[in-house]
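What follows is the content of start-v8.txt, which has compact mmCIF, C-alpha atoms:
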# COMPACT_ATOMS: atom_id res chain seq x y z
CA MET X 1 12.44 10.55 8.39
CA ARG X 2 12.76 11.77 11.95
CA ARG X 3 14.61 15.04 12.21
CA PHE X 4 18.19 15.32 13.28
CA GLU X 5 20.94 17.82 12.87
CA TYR X 6 23.67 17.12 10.34
CA HIS X 7 27.31 18.00 11.04
CA GLU X 8 30.21 17.87 8.64
CA PRO X 9 33.49 18.13 10.57
CA ARG X 10 36.77 18.44 8.64
CA ASN X 11 39.15 16.50 10.87
CA LEU X 12 39.25 13.89 13.63
CA GLU X 13 39.59 16.48 16.42
CA GLU X 14 36.34 18.10 15.32
CA VAL X 15 34.59 14.73 15.04
CA SER X 16 35.69 13.78 18.53
CA ASP X 17 34.74 17.20 19.94
CA LEU X 18 31.27 17.01 18.42
CA LEU X 19 30.66 13.48 19.71
CA THR X 20 31.76 14.48 23.22
CA THR X 21 29.90 17.81 23.30
CA LEU X 22 26.65 16.59 21.76
CA GLY X 23 26.55 13.48 23.95
CA ASN X 24 24.30 10.42 23.74
CA GLY X 25 22.16 11.50 20.78
CA ALA X 26 25.16 11.97 18.48
CA PHE X 27 26.32 9.23 16.11
CA ILE X 28 28.97 8.92 13.42
CA LEU X 29 27.57 8.72 9.89
CA ALA X 30 29.80 6.76 7.51
CA GLY X 31 27.85 4.71 4.92
CA GLY X 32 24.57 5.15 6.78
CA THR X 33 22.99 1.96 5.44
CA ASP X 34 22.22 0.73 8.95
CA LEU X 35 21.96 4.00 10.85
CA LEU X 36 19.44 5.65 8.50
CA VAL X 37 17.24 2.54 8.73
CA GLU X 38 17.44 2.60 12.52
CA ILE X 39 16.42 6.26 12.51
CA ARG X 40 13.51 5.60 10.18
CA GLU X 41 12.32 2.58 12.13
CA ARG X 42 12.80 4.44 15.42
CA LEU X 43 15.23 1.87 16.76
CA ARG X 44 17.80 4.46 17.77
CA ASP X 45 17.24 7.93 19.18
CA VAL X 46 19.43 10.09 16.97
CA LYS X 47 19.59 13.85 17.48
CA HIS X 48 22.84 14.56 15.62
CA LEU X 49 24.64 12.87 12.74
CA VAL X 50 28.37 13.52 12.50
CA ASP X 51 29.35 12.77 8.90
CA ILE X 52 32.99 11.70 8.58
CA LYS X 53 33.20 11.75 4.76
CA ARG X 54 35.12 15.03 4.66
CA VAL X 55 37.71 13.85 7.16
CA PRO X 56 40.95 13.20 5.28
CA GLY X 57 42.91 9.96 5.54
CA LEU X 58 40.04 7.51 6.05
CA SER X 59 39.58 6.25 2.50
CA GLY X 60 42.58 4.14 1.47
CA VAL X 61 43.04 0.40 0.93
CA ASP X 62 46.70 -0.72 1.01
CA TYR X 63 48.50 -4.02 1.00
CA ALA X 64 52.19 -4.68 1.67
CA ASP X 65 53.84 -8.11 1.99
CA GLU X 66 55.45 -7.25 5.34
CA THR X 67 52.53 -5.52 7.07
CA GLY X 68 49.47 -6.96 5.34
CA LEU X 69 46.18 -5.25 4.61
CA ARG X 70 45.09 -1.87 5.94
CA PHE X 71 41.89 -0.01 5.11
CA GLY X 72 40.30 3.15 6.45
CA ALA X 73 36.94 3.89 8.03
CA MET X 74 35.38 5.24 4.82
CA VAL X 75 36.23 2.17 2.71
CA THR X 76 33.00 0.59 1.50
CA ALA X 77 32.30 -3.12 1.36
CA GLY X 78 32.12 -2.82 -2.44
CA GLN X 79 35.47 -1.04 -2.65
CA LEU X 80 37.19 -3.68 -0.52
CA GLU X 81 35.47 -6.52 -2.43
CA ALA X 82 36.99 -5.12 -5.65
CA ALA X 83 40.47 -4.46 -4.20
CA PRO X 84 43.13 -6.25 -6.29
CA GLY X 85 44.47 -9.39 -4.65
CA LEU X 86 41.92 -9.46 -1.83
CA ALA X 87 40.14 -12.62 -3.03
CA ALA X 88 43.43 -14.52 -3.31
CA ARG X 89 44.93 -13.38 0.01
CA TYR X 90 41.82 -13.16 2.17
CA PRO X 91 39.22 -15.46 0.53
CA ASN X 92 37.20 -15.63 3.76
CA LEU X 93 36.86 -11.83 4.03
CA HIS X 94 36.18 -11.59 0.30
CA GLY X 95 33.50 -14.27 0.61
CA ALA X 96 31.86 -12.37 3.47
CA LEU X 97 31.83 -9.10 1.50
CA LYS X 98 30.25 -10.79 -1.52
CA VAL X 99 27.26 -11.99 0.48
CA LEU X 100 26.73 -8.80 2.48
CA ALA X 101 23.30 -7.34 1.64
CA SER X 102 23.18 -6.17 -2.02
CA ILE X 103 25.44 -4.42 -4.53
CA GLN X 104 23.63 -1.14 -3.88
CA VAL X 105 24.14 -1.42 -0.12
CA ARG X 106 27.78 -2.51 -0.51
CA ASN X 107 28.46 0.63 -2.54
CA ARG X 108 27.54 2.72 0.52
CA ALA X 109 28.10 0.54 3.58
CA THR X 110 31.55 0.78 5.13
CA VAL X 111 33.31 -2.28 6.53
CA ILE X 112 34.23 -0.43 9.71
CA GLY X 113 30.57 0.60 10.05
CA ASN X 114 29.63 -3.09 9.85
CA ILE X 115 32.18 -3.73 12.62
CA CYS X 116 31.29 -0.79 14.90
CA ARG X 117 27.60 -1.66 14.71
CA ALA X 118 28.83 -4.71 16.68
CA SER X 119 26.09 -7.07 15.59
CA PRO X 120 26.94 -10.70 16.44
CA SER X 121 25.69 -11.63 12.95
CA ALA X 122 27.79 -9.07 11.01
CA ASP X 123 29.36 -10.85 8.04
CA THR X 124 32.75 -9.13 8.05
CA ILE X 125 33.57 -9.79 11.71
CA PRO X 126 34.19 -13.59 11.76
CA PRO X 127 36.76 -13.60 8.92
CA LEU X 128 38.57 -10.56 10.33
CA ILE X 129 38.76 -12.13 13.80
CA ALA X 130 39.92 -15.46 12.31
CA ASP X 131 42.64 -13.57 10.41
CA GLY X 132 43.88 -11.75 13.53
CA ALA X 133 42.76 -8.24 12.50
CA ALA X 134 43.20 -5.19 14.73
CA ILE X 135 41.30 -1.91 14.82
CA GLU X 136 43.05 1.45 15.07
CA THR X 137 41.34 4.31 16.89
CA TRP X 138 41.82 8.03 17.35
CA ARG X 139 41.12 9.93 20.55
CA PRO X 140 42.49 13.08 22.09
CA GLY X 141 45.87 12.35 23.62
CA GLY X 142 46.57 9.24 21.54
CA GLY X 143 44.73 6.46 19.78
CA ARG X 144 44.81 2.74 20.42
CA VAL X 145 45.36 -0.45 18.47
CA ILE X 146 42.86 -3.04 19.68
CA PRO X 147 42.79 -6.68 18.56
CA LEU X 148 39.37 -7.13 16.95
CA ALA X 149 38.80 -10.22 19.11
CA ASP X 150 38.87 -7.93 22.18
CA PHE X 151 36.84 -5.09 20.64
CA PHE X 152 33.28 -6.25 21.32
CA THR X 153 31.60 -6.26 24.74
CA GLY X 154 28.08 -7.31 23.74
CA PRO X 155 25.45 -6.92 21.01
CA GLY X 156 25.85 -3.37 19.68
CA ARG X 157 28.59 -2.60 22.19
CA SER X 158 32.35 -2.19 21.93
CA VAL X 159 35.26 -0.91 24.00
CA LEU X 160 35.18 2.46 22.18
CA THR X 161 34.97 5.31 24.69
CA PRO X 162 32.92 8.50 24.13
CA GLY X 163 34.65 10.61 21.49
CA GLU X 164 36.90 7.76 20.33
CA ILE X 165 36.79 7.03 16.59
CA ALA X 166 37.62 3.78 14.79
CA THR X 167 39.85 4.91 11.93
CA ALA X 168 41.33 1.80 10.28
CA ILE X 169 41.56 -1.99 10.26
CA THR X 170 44.80 -3.88 9.81
CA VAL X 171 45.03 -7.57 8.92
CA PRO X 172 48.36 -9.43 9.03
CA PRO X 173 49.61 -10.87 5.73
CA PRO X 174 48.62 -14.51 5.14
CA ALA X 175 51.43 -16.96 5.97
CA PRO X 176 52.50 -19.31 3.17
CA GLY X 177 50.24 -22.37 3.29
CA SER X 178 47.43 -20.39 4.87
CA ARG X 179 43.91 -21.67 4.06
CA ARG X 180 40.79 -19.66 4.72
CA ALA X 181 37.02 -19.74 4.26
CA TYR X 182 33.83 -18.08 5.50
CA ILE X 183 30.44 -19.73 5.20
CA LYS X 184 27.26 -17.79 5.84
CA HIS X 185 24.12 -19.75 6.51
CA GLY X 186 20.72 -18.18 5.90
CA ARG X 187 17.40 -18.96 4.30
CA ARG X 188 18.28 -17.23 1.04
CA LYS X 189 21.42 -16.28 -0.85
CA ALA X 190 21.18 -12.48 -0.86
CA MET X 191 19.76 -9.68 1.30
CA GLU X 192 20.04 -11.91 4.34
CA LEU X 193 21.30 -11.68 7.89
CA ALA X 194 23.40 -14.69 8.84
CA THR X 195 21.61 -17.34 10.90
CA VAL X 196 25.09 -18.69 11.59
CA GLY X 197 28.42 -17.63 10.09
CA VAL X 198 31.66 -19.58 10.45
CA ALA X 199 35.11 -18.36 9.41
CA VAL X 200 38.25 -20.47 9.56
CA SER X 201 41.84 -19.44 9.03
CA LEU X 202 44.29 -22.36 9.00
CA ASP X 203 48.08 -22.43 8.72
CA THR X 204 49.47 -25.59 7.17
CA GLU X 205 52.94 -26.98 6.59
CA GLY X 206 53.42 -30.14 4.54
CA GLY X 207 49.82 -31.20 5.19
CA THR X 208 49.98 -30.63 8.95
CA CYS X 209 47.94 -27.89 10.58
CA THR X 210 50.29 -25.56 12.45
CA GLY X 211 47.78 -22.91 13.44
CA ALA X 212 43.98 -22.63 13.48
CA ARG X 213 41.53 -19.86 14.22
CA ILE X 214 37.79 -20.47 14.11
CA ALA X 215 35.36 -17.56 14.52
CA LEU X 216 31.65 -18.16 15.02
CA GLY X 217 29.06 -15.50 14.11
CA ALA X 218 25.46 -15.16 15.34
CA VAL X 219 25.84 -17.81 18.05
CA GLY X 220 26.67 -15.61 21.03
CA PRO X 221 26.46 -12.01 22.26
CA VAL X 222 29.62 -11.28 20.27
CA VAL X 223 31.47 -13.17 17.53
CA LEU X 224 33.23 -16.00 19.37
CA ARG X 225 36.50 -17.83 18.91
CA ALA X 226 36.43 -21.59 19.50
CA PRO X 227 39.85 -22.13 21.16
CA ARG X 228 39.32 -25.76 22.21
CA ALA X 229 38.16 -26.70 18.72
CA GLU X 230 41.18 -24.87 17.29
CA ALA X 231 43.48 -26.84 19.62
CA ILE X 232 42.10 -30.12 18.22
CA LEU X 233 43.02 -29.06 14.67
CA VAL X 234 46.53 -27.86 15.48
CA GLY X 235 49.03 -30.68 14.99
CA SER X 236 46.52 -32.80 13.04
CA ARG X 237 46.64 -33.52 9.34
CA LEU X 238 43.12 -32.07 9.06
CA ASP X 239 41.81 -35.59 8.46
CA ALA X 240 38.10 -36.36 8.74
CA ALA X 241 38.37 -37.56 12.35
CA ALA X 242 40.15 -34.40 13.55
CA VAL X 243 37.80 -32.10 11.66
CA SER X 244 34.74 -33.91 13.06
CA ALA X 245 36.09 -33.74 16.59
CA ALA X 246 36.80 -30.01 16.19
CA ALA X 247 33.31 -29.41 14.78
CA GLU X 248 31.74 -31.23 17.76
CA GLN X 249 33.87 -29.14 20.10
CA ALA X 250 32.88 -25.87 18.38
CA MET X 251 29.22 -26.82 18.97
CA GLN X 252 29.99 -26.97 22.72
CA GLU X 253 31.84 -23.65 22.66
CA CYS X 254 29.08 -21.51 21.16
CA THR X 255 26.24 -19.93 23.17
CA PRO X 256 23.37 -19.37 20.72
CA ILE X 257 19.95 -17.94 21.50
CA SER X 258 16.59 -18.62 19.85
CA ASN X 259 15.09 -15.75 17.89
CA VAL X 260 12.95 -15.05 14.85
CA ARG X 261 15.60 -16.41 12.46
CA SER X 262 16.34 -19.70 14.16
CA SER X 263 16.21 -21.78 17.31
CA ALA X 264 19.28 -22.11 19.52
CA GLU X 265 19.35 -25.89 18.89
CA TYR X 266 19.42 -25.41 15.12
CA ARG X 267 22.17 -22.81 15.35
CA ARG X 268 24.31 -25.11 17.50
CA GLU X 269 23.81 -27.99 15.05
CA MET X 270 24.76 -25.71 12.15
CA VAL X 271 27.95 -24.62 13.89
CA GLY X 272 29.07 -28.27 13.64
CA VAL X 273 28.01 -28.62 10.00
CA LEU X 274 29.50 -25.28 8.91
CA THR X 275 32.78 -25.75 10.78
CA ARG X 276 33.32 -29.03 8.92
CA ARG X 277 32.29 -27.40 5.65
CA ALA X 278 34.45 -24.31 6.17
CA VAL X 279 37.55 -26.41 6.84
CA SER X 280 37.01 -28.46 3.69
CA GLN X 281 36.27 -25.35 1.63
CA ALA X 282 39.42 -23.68 2.99
CA MET X 283 41.48 -26.73 2.00
CA GLU X 284 40.08 -26.60 -1.56
CA VAL X 285 41.11 -22.97 -2.03
CA ALA X 286 44.84 -22.81 -2.50
CA ALA X 287 46.01 -19.64 -0.76
CA MET M 1 14.94 23.63 10.28
CA LYS M 2 17.96 24.91 8.38
CA LYS M 3 18.07 24.20 4.65
CA THR M 4 21.25 23.67 2.69
CA LEU M 5 21.57 24.48 -0.99
CA LEU M 6 22.56 21.41 -2.89
CA ASP M 7 24.17 21.64 -6.32
CA LEU M 8 24.22 18.43 -8.31
CA THR M 9 24.02 17.09 -11.83
CA VAL M 10 20.94 14.99 -12.48
CA ASN M 11 20.68 13.18 -15.82
CA GLY M 12 23.25 15.56 -17.29
CA GLU M 13 21.47 18.72 -16.09
CA SER M 14 22.72 21.06 -13.35
CA ARG M 15 20.13 21.24 -10.58
CA SER M 16 19.94 23.03 -7.23
CA PHE M 17 17.71 21.87 -4.38
CA ALA M 18 17.28 23.43 -0.95
CA VAL M 19 17.13 20.51 1.46
CA GLU M 20 17.03 19.89 5.19
CA GLY M 21 19.81 17.75 6.63
CA HIS M 22 17.53 14.80 7.40
CA ARG M 23 16.03 14.59 3.89
CA SER M 24 16.85 11.41 1.92
CA LEU M 25 18.21 11.65 -1.61
CA LEU M 26 15.13 9.70 -2.71
CA ASP M 27 12.70 12.27 -1.27
CA ALA M 28 14.73 15.16 -2.69
CA LEU M 29 14.77 13.64 -6.20
CA ARG M 30 11.05 12.90 -6.14
CA GLU M 31 9.77 15.99 -4.36
CA GLU M 32 12.25 18.81 -4.96
CA GLY M 33 13.40 17.41 -8.30
CA GLY M 34 10.00 16.25 -9.60
CA LEU M 35 11.64 13.02 -10.78
CA THR M 36 9.04 10.49 -9.69
CA GLY M 37 10.31 7.66 -11.90
CA THR M 38 12.48 6.51 -8.98
CA LYS M 39 10.10 4.68 -6.64
CA LYS M 40 9.84 4.56 -2.88
CA GLY M 41 9.19 0.92 -2.07
CA CYS M 42 10.39 -0.12 1.38
CA ASP M 43 12.40 3.03 2.26
CA VAL M 44 14.91 0.87 4.19
CA GLY M 45 17.22 -0.47 1.46
CA ASP M 46 15.63 -3.89 1.07
CA CYS M 47 13.71 -3.69 -2.22
CA GLY M 48 15.90 -1.77 -4.69
CA ALA M 49 13.00 0.19 -6.25
CA CYS M 50 14.85 3.46 -5.50
CA THR M 51 18.13 2.44 -7.18
CA VAL M 52 19.91 5.39 -8.85
CA ILE M 53 23.46 5.84 -10.08
CA VAL M 54 25.58 8.21 -7.97
CA ASN M 55 29.04 9.02 -9.36
CA GLY M 56 28.99 5.86 -11.46
CA GLN M 57 27.78 3.45 -8.77
CA PRO M 58 24.30 2.07 -8.17
CA VAL M 59 22.98 2.88 -4.69
CA ASN M 60 19.67 2.89 -2.82
CA ALA M 61 18.54 6.54 -2.87
CA CYS M 62 16.58 5.91 0.35
CA LEU M 63 19.79 5.03 2.23
CA MET M 64 21.58 8.23 1.37
CA LEU M 65 20.95 11.72 2.67
CA ALA M 66 20.43 14.31 -0.04
CA ILE M 67 23.10 16.45 1.58
CA GLU M 68 25.64 13.64 1.07
CA ALA M 69 25.11 14.01 -2.68
CA GLN M 70 26.50 17.58 -2.78
CA GLY M 71 28.31 17.93 -6.13
CA ALA M 72 27.42 14.40 -7.28
CA GLU M 73 26.46 13.19 -10.73
CA ILE M 74 23.22 11.26 -10.58
CA THR M 75 21.41 9.17 -13.17
CA THR M 76 17.79 8.23 -12.56
CA VAL M 77 15.50 6.13 -14.77
CA GLU M 78 14.46 9.35 -16.53
CA GLY M 79 18.06 9.70 -17.72
CA LEU M 80 18.31 6.29 -19.39
CA GLN M 81 17.01 7.48 -22.74
CA ALA M 82 19.47 9.15 -25.09
CA SER M 83 16.66 11.49 -26.28
CA PRO M 84 12.89 11.85 -25.70
CA ASP M 85 11.98 9.76 -28.75
CA GLU M 86 14.69 7.13 -28.38
CA LEU M 87 14.36 4.46 -25.72
CA HIS M 88 17.34 2.70 -24.15
CA PRO M 89 17.76 -0.89 -25.48
CA LEU M 90 16.78 -2.16 -22.03
CA GLN M 91 13.53 -0.19 -22.12
CA GLU M 92 12.77 -1.55 -25.61
CA ALA M 93 13.50 -5.08 -24.48
CA PHE M 94 11.37 -4.75 -21.32
CA MET M 95 8.42 -3.75 -23.53
CA GLU M 96 9.02 -6.49 -26.12
CA HIS M 97 9.29 -9.20 -23.46
CA GLY M 98 6.54 -7.93 -21.18
CA ALA M 99 9.08 -7.76 -18.38
CA SER M 100 6.98 -5.37 -16.33
CA GLN M 101 3.69 -6.07 -14.59
CA CYS M 102 2.75 -3.57 -11.87
CA GLY M 103 5.91 -1.68 -12.84
CA PHE M 104 6.89 -0.51 -9.37
CA CYS M 105 10.24 -2.35 -9.33
CA THR M 106 10.97 -1.60 -13.00
CA PRO M 107 12.87 1.71 -12.67
CA GLY M 108 15.26 0.23 -10.11
CA ILE M 109 15.73 -2.94 -12.15
CA LEU M 110 16.39 -0.94 -15.34
CA ILE M 111 19.08 1.09 -13.56
CA MET M 112 20.67 -2.01 -12.01
CA ALA M 113 20.53 -3.88 -15.35
CA LYS M 114 22.20 -0.93 -17.09
CA CYS M 115 25.04 -1.06 -14.54
CA LEU M 116 25.37 -4.80 -15.10
CA LEU M 117 25.34 -4.64 -18.93
CA ASP M 118 27.74 -1.68 -19.05
CA GLU M 119 30.32 -3.92 -17.37
CA ASN M 120 29.27 -7.20 -18.92
CA PRO M 121 26.92 -7.10 -21.95
CA LEU M 122 26.58 -10.89 -22.16
CA PRO M 123 25.99 -11.99 -18.56
CA THR M 124 25.21 -15.57 -17.56
CA ASP M 125 21.98 -16.21 -15.65
CA GLU M 126 24.03 -16.53 -12.48
CA GLU M 127 25.60 -13.13 -13.14
CA ILE M 128 22.19 -11.55 -13.75
CA ARG M 129 20.90 -13.14 -10.54
CA PHE M 130 23.90 -11.79 -8.59
CA GLY M 131 23.57 -8.34 -10.21
CA LEU M 132 19.86 -8.09 -9.38
CA SER M 133 19.97 -9.65 -5.92
CA GLY M 134 19.13 -6.30 -4.33
CA ASN M 135 16.03 -5.73 -6.51
CA ILE M 136 12.79 -7.40 -5.56
CA CYS M 137 9.90 -7.99 -7.98
CA ARG M 138 6.74 -9.43 -6.47
CA CYS M 139 4.82 -9.87 -9.77
CA THR M 140 6.85 -11.49 -12.50
CA GLY M 141 8.91 -14.32 -11.03
CA TYR M 142 11.83 -12.67 -12.89
CA THR M 143 11.71 -14.95 -15.99
CA LYS M 144 10.73 -12.20 -18.41
CA ILE M 145 13.02 -9.69 -16.72
CA PHE M 146 15.93 -12.07 -17.34
CA ASP M 147 14.78 -12.62 -20.96
CA ALA M 148 14.67 -8.85 -21.52
CA ILE M 149 18.10 -8.26 -19.98
CA ARG M 150 19.70 -11.05 -22.03
CA SER M 151 18.12 -9.69 -25.22
CA ALA M 152 19.09 -6.06 -24.51
CA GLY M 153 22.63 -7.19 -23.75
CA LYS M 154 22.90 -9.01 -27.08
CA ARG M 155 21.59 -5.98 -28.93
CA MET M 156 23.99 -3.67 -27.14
CA ALA M 157 26.94 -6.00 -27.82
CA GLN M 158 26.05 -6.18 -31.52
CA GLN M 159 25.51 -2.47 -31.95
CA GLY M 160 28.38 -1.50 -29.67
CA VAL M 161 25.84 0.73 -27.91
CA GLU M 162 27.21 2.78 -25.10
CA ALA M 163 24.50 2.10 -22.53

Just dump the structure as structure tokens.
Amino acid sequence: MRRFEYHEPRNLEEVSDLLTTLGNGAFILAGGTDLLVEIRERLRDVKHLVDIKRVPGLSGVDYADETGLRFGAMVTAGQLEAAPGLAARYPNLHGALKVLASIQVRNRATVIGNICRASPSADTIPPLIADGAAIETWRPGGGRVIPLADFFTGPGRSVLTPGEIATAITVPPPAPGSRRAYIKHGRRKAMELATVGVAVSLDTEGGTCTGARIALGAVGPVVLRAPRAEAILVGSRLDAAAVSAAAEQAMQECTPISNVRSSAEYRREMVGVLTRRAVSQAMEVAA
Amino acid sequence: MKKTLLDLTVNGESRSFAVEGHRSLLDALREEGGLTGTKKGCDVGDCGACTVIVNGQPVNACLMLAIEAQGAEITTVEGLQASPDELHPLQEAFMEHGASQCGFCTPGILIMAKCLLDENPLPTDEEIRFGLSGNICRCTGYTKIFDAIRSAGKRMAQQGVEA
């Protein structure tokens, strides 16, 4: 492996100081499952790794009925996948965690690492955006709470400023009658990057859709919402005609590119198919 | 470059390695530790050949820095056997069923299968498939690996073997 210096700060001030002082070649090490690969494959020029495992307060997973879910920056995908009640309350997020890489990787990879890597194909981002998640940060002089939908500025890029650290994710509690699903599309079932990923989070009352959020992964520079498709669903009874119209609209709202995994045309087509499928899967799972 | 002294427990034994910060756990186990049973396949977390158990959880040793394992308890394939002349039921079953061809993926699969059977001694095929989805074998087509895991699981359930 290419050489770098390893740092083990004990609190957030030290982490922030190191990142600011060491500059562009310094990166936070959480799970490392992506970063160590990028170092080995020379995709990222890393001179310093700032390990945050000794920083207190980053490891909890909590749920409360009033405030919802909150988990810290050191929580692994495997830990969150196994958290009691997660599958029932957030089936879309749970579904995304279950298909992320492998068990071995999930035991190391952190969810916030998956988010801060800011890949448009990251599995955990669409369900968290569909569920209205926010990211908490720490920086000298006061942290921020940023809606996850506003966090990303491009592939691999976010609104984090130098020395600012993502510390936790919060997700509002599911409303009664909430229905959710995430569908990842790839060429195989495991160890795969999503060709397209679609998450839906629907609020229903007496069979009528009262709220809808659709998040589309791997079909734009960042994970996208499909607001016009969502508007078609709201007020409908989620009948076949409404769902088809929303799926068609979502196809118009995405901006896919062609790359080694798929052509843009195929991705756009699959956005339609998966949006339909995600809505029907969400309606099957009683929340 | 600066070396750090690492104290850890490997297969029940206290070990100390002096490692540089950029060294992977996999390289430290193989080179400083002399434990070459754990294989370096892809070195990027795709193949599972380097799977070891760290503090009770299976991980890719290539995706972890050695220095991150300070104080950890690690089990490698060399630690599966209860004693030098007694194989683990999984090892017996892999031999009986011919579940190994070139053998390069075998240590990682044995470790992952142990983790699976410890939780669930009688897994369905779907559960075995899910449990092994991070371990790639390019020789066998997995049929005999599945046969061996099912048979070891049955034996362990019958004997109440602590795997």

### Query
Rounded to one decimal in Å, what is the spacing between atom CA of Gly113 of chain X and atom CA of Lys114 of chain M?
28.4 Å

#### Entry: Contacts of Ala194 of chain X within 12 Å, all atoms listed in the file, excl. fewer than 6 positions in-chain, as a list in words
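So, after excluding close chain neighbours, the residues are Ala96, Val99, Leu100, Ala101, Ser119, Pro120, Ser121, Ala122, Asp123, Thr124, Ile125, Pro126, Tyr182, Ile183, Lys184, His185, Gly186, Arg187, Arg188, Leu216, Gly217, Ala218, Val219, Val223, Arg261, Ser262, Arg267 and Met270 of chain X.
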
What does the file look like for those residues with C-alpha atoms, as a PDB file, in the frame of the given file?
ATOM      1  CA  ALA X  96      31.860 -12.370   3.470  1.00  0.00           C
ATOM      2  CA  VAL X  99      27.260 -11.990   0.480  1.00  0.00           C
ATOM      3  CA  LEU X 100      26.730  -8.800   2.480  1.00  0.00           C
ATOM      4  CA  ALA X 101      23.300  -7.340   1.640  1.00  0.00           C
ATOM      5  CA  SER X 119      26.090  -7.070  15.590  1.00  0.00           C
ATOM      6  CA  PRO X 120      26.940 -10.700  16.440  1.00  0.00           C
ATOM      7  CA  SER X 121      25.690 -11.630  12.950  1.00  0.00           C
ATOM      8  CA  ALA X 122      27.790  -9.070  11.010  1.00  0.00           C
ATOM      9  CA  ASP X 123      29.360 -10.850   8.040  1.00  0.00           C
ATOM     10  CA  THR X 124      32.750  -9.130   8.050  1.00  0.00           C
ATOM     11  CA  ILE X 125      33.570  -9.790  11.710  1.00  0.00           C
ATOM     12  CA  PRO X 126      34.190 -13.590  11.760  1.00  0.00           C
ATOM     13  CA  TYR X 182      33.830 -18.080   5.500  1.00  0.00           C
ATOM     14  CA  ILE X 183      30.440 -19.730   5.200  1.00  0.00           C
ATOM     15  CA  LYS X 184      27.260 -17.790   5.840  1.00  0.00           C
ATOM     16  CA  HIS X 185      24.120 -19.750   6.510  1.00  0.00           C
ATOM     17  CA  GLY X 186      20.720 -18.180   5.900  1.00  0.00           C
ATOM     18  CA  ARG X 187      17.400 -18.960   4.300  1.00  0.00           C
ATOM     19  CA  ARG X 188      18.280 -17.230   1.040  1.00  0.00           C
ATOM     20  CA  LEU X 216      31.650 -18.160  15.020  1.00  0.00           C
ATOM     21  CA  GLY X 217      29.060 -15.500  14.110  1.00  0.00           C
ATOM     22  CA  ALA X 218      25.460 -15.160  15.340  1.00  0.00           C
ATOM     23  CA  VAL X 219      25.840 -17.810  18.050  1.00  0.00           C
ATOM     24  CA  VAL X 223      31.470 -13.170  17.530  1.00  0.00           C
ATOM     25  CA  ARG X 261      15.600 -16.410  12.460  1.00  0.00           C
ATOM     26  CA  SER X 262      16.340 -19.700  14.160  1.00  0.00           C
ATOM     27  CA  ARG X 267      22.170 -22.810  15.350  1.00  0.00           C
ATOM     28  CA  MET X 270      24.760 -25.710  12.150  1.00  0.00           C
TER      29      MET X 270
END

### Query
For chain X, which of M:His22, M:Lys2, M:Arg138, M:His88 is the closest residue, counting all atoms listed in the file?
M:His22

### Query
Between M:Met112, M:Ala82, M:Leu6, M:Ala72, which has the minimum distance to chain X (counting all atoms listed in the file)?
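Closest to chain X, using all atoms listed in the file: M:Met112.
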
### Task
Using all atoms listed in the file, determine which residues lie at most 12 Å from Leu274 of chain X, disregarding the query and same-chain residues fewer than 4 positions distant; provide the list as a PyMOL selection string.
chain X and resi 181-186+195-200+214-217+243-244+246-248+250-251+266-270+278-282

### Query
Which of these, X:Ile39, X:Val75, X:Cys209, X:Val145, has the shortest distance to Ala242 of chain X once you count only C-alpha atoms?
X:Cys209

Based on all atoms listed in the file, which of the residues in chain X come within 9 Å of chain M? I want them as a CSV table (one decimal) with C-alpha atoms, keeping the file's coordinate frame.
chain,number,residue,atom,x,y,z
X,1,MET,CA,12.4,10.6,8.4
X,2,ARG,CA,12.8,11.8,12.0
X,3,ARG,CA,14.6,15.0,12.2
X,4,PHE,CA,18.2,15.3,13.3
X,5,GLU,CA,20.9,17.8,12.9
X,6,TYR,CA,23.7,17.1,10.3
X,7,HIS,CA,27.3,18.0,11.0
X,31,GLY,CA,27.8,4.7,4.9
X,32,GLY,CA,24.6,5.2,6.8
X,33,THR,CA,23.0,2.0,5.4
X,34,ASP,CA,22.2,0.7,9.0
X,35,LEU,CA,22.0,4.0,10.8
X,36,LEU,CA,19.4,5.6,8.5
X,37,VAL,CA,17.2,2.5,8.7
X,38,GLU,CA,17.4,2.6,12.5
X,40,ARG,CA,13.5,5.6,10.2
X,41,GLU,CA,12.3,2.6,12.1
X,51,ASP,CA,29.4,12.8,8.9
X,53,LYS,CA,33.2,11.8,4.8
X,101,ALA,CA,23.3,-7.3,1.6
X,102,SER,CA,23.2,-6.2,-2.0
X,103,ILE,CA,25.4,-4.4,-4.5
X,104,GLN,CA,23.6,-1.1,-3.9
X,105,VAL,CA,24.1,-1.4,-0.1
X,106,ARG,CA,27.8,-2.5,-0.5
X,107,ASN,CA,28.5,0.6,-2.5
X,108,ARG,CA,27.5,2.7,0.5
X,189,LYS,CA,21.4,-16.3,-0.8
X,190,ALA,CA,21.2,-12.5,-0.9
X,191,MET,CA,19.8,-9.7,1.3

### Message
Could you tell me how far atom CA of Ala245 of chain X sits from atom CA of Gly206 of chain X, in Å to one decimal place?
### Response
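According to the coordinates, atom CA of Gly206 of chain X and atom CA of Ala245 of chain X are separated by 21.4 Å.
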
### Message
For a cutoff of 10 Å around the file-coordinate point (14.4, 19.2, -7.8), which residues qualify once you count only C-alpha atoms? I'd like the result as a PyMOL selection string.
### Response
chain M and resi 6+8+10+15-19+27-35

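The set of protein, DNA and RNA residues with any counted atom at most 10 Å from (23.6, 14.7, -16.1) (all atoms listed in the file) reads M:Leu8, M:Thr9, M:Val10, M:Asn11, M:Gly12, M:Glu13, M:Ser14, M:Arg15, M:Ala72, M:Glu73, M:Ile74, M:Thr75, M:Thr76, M:Gly79.
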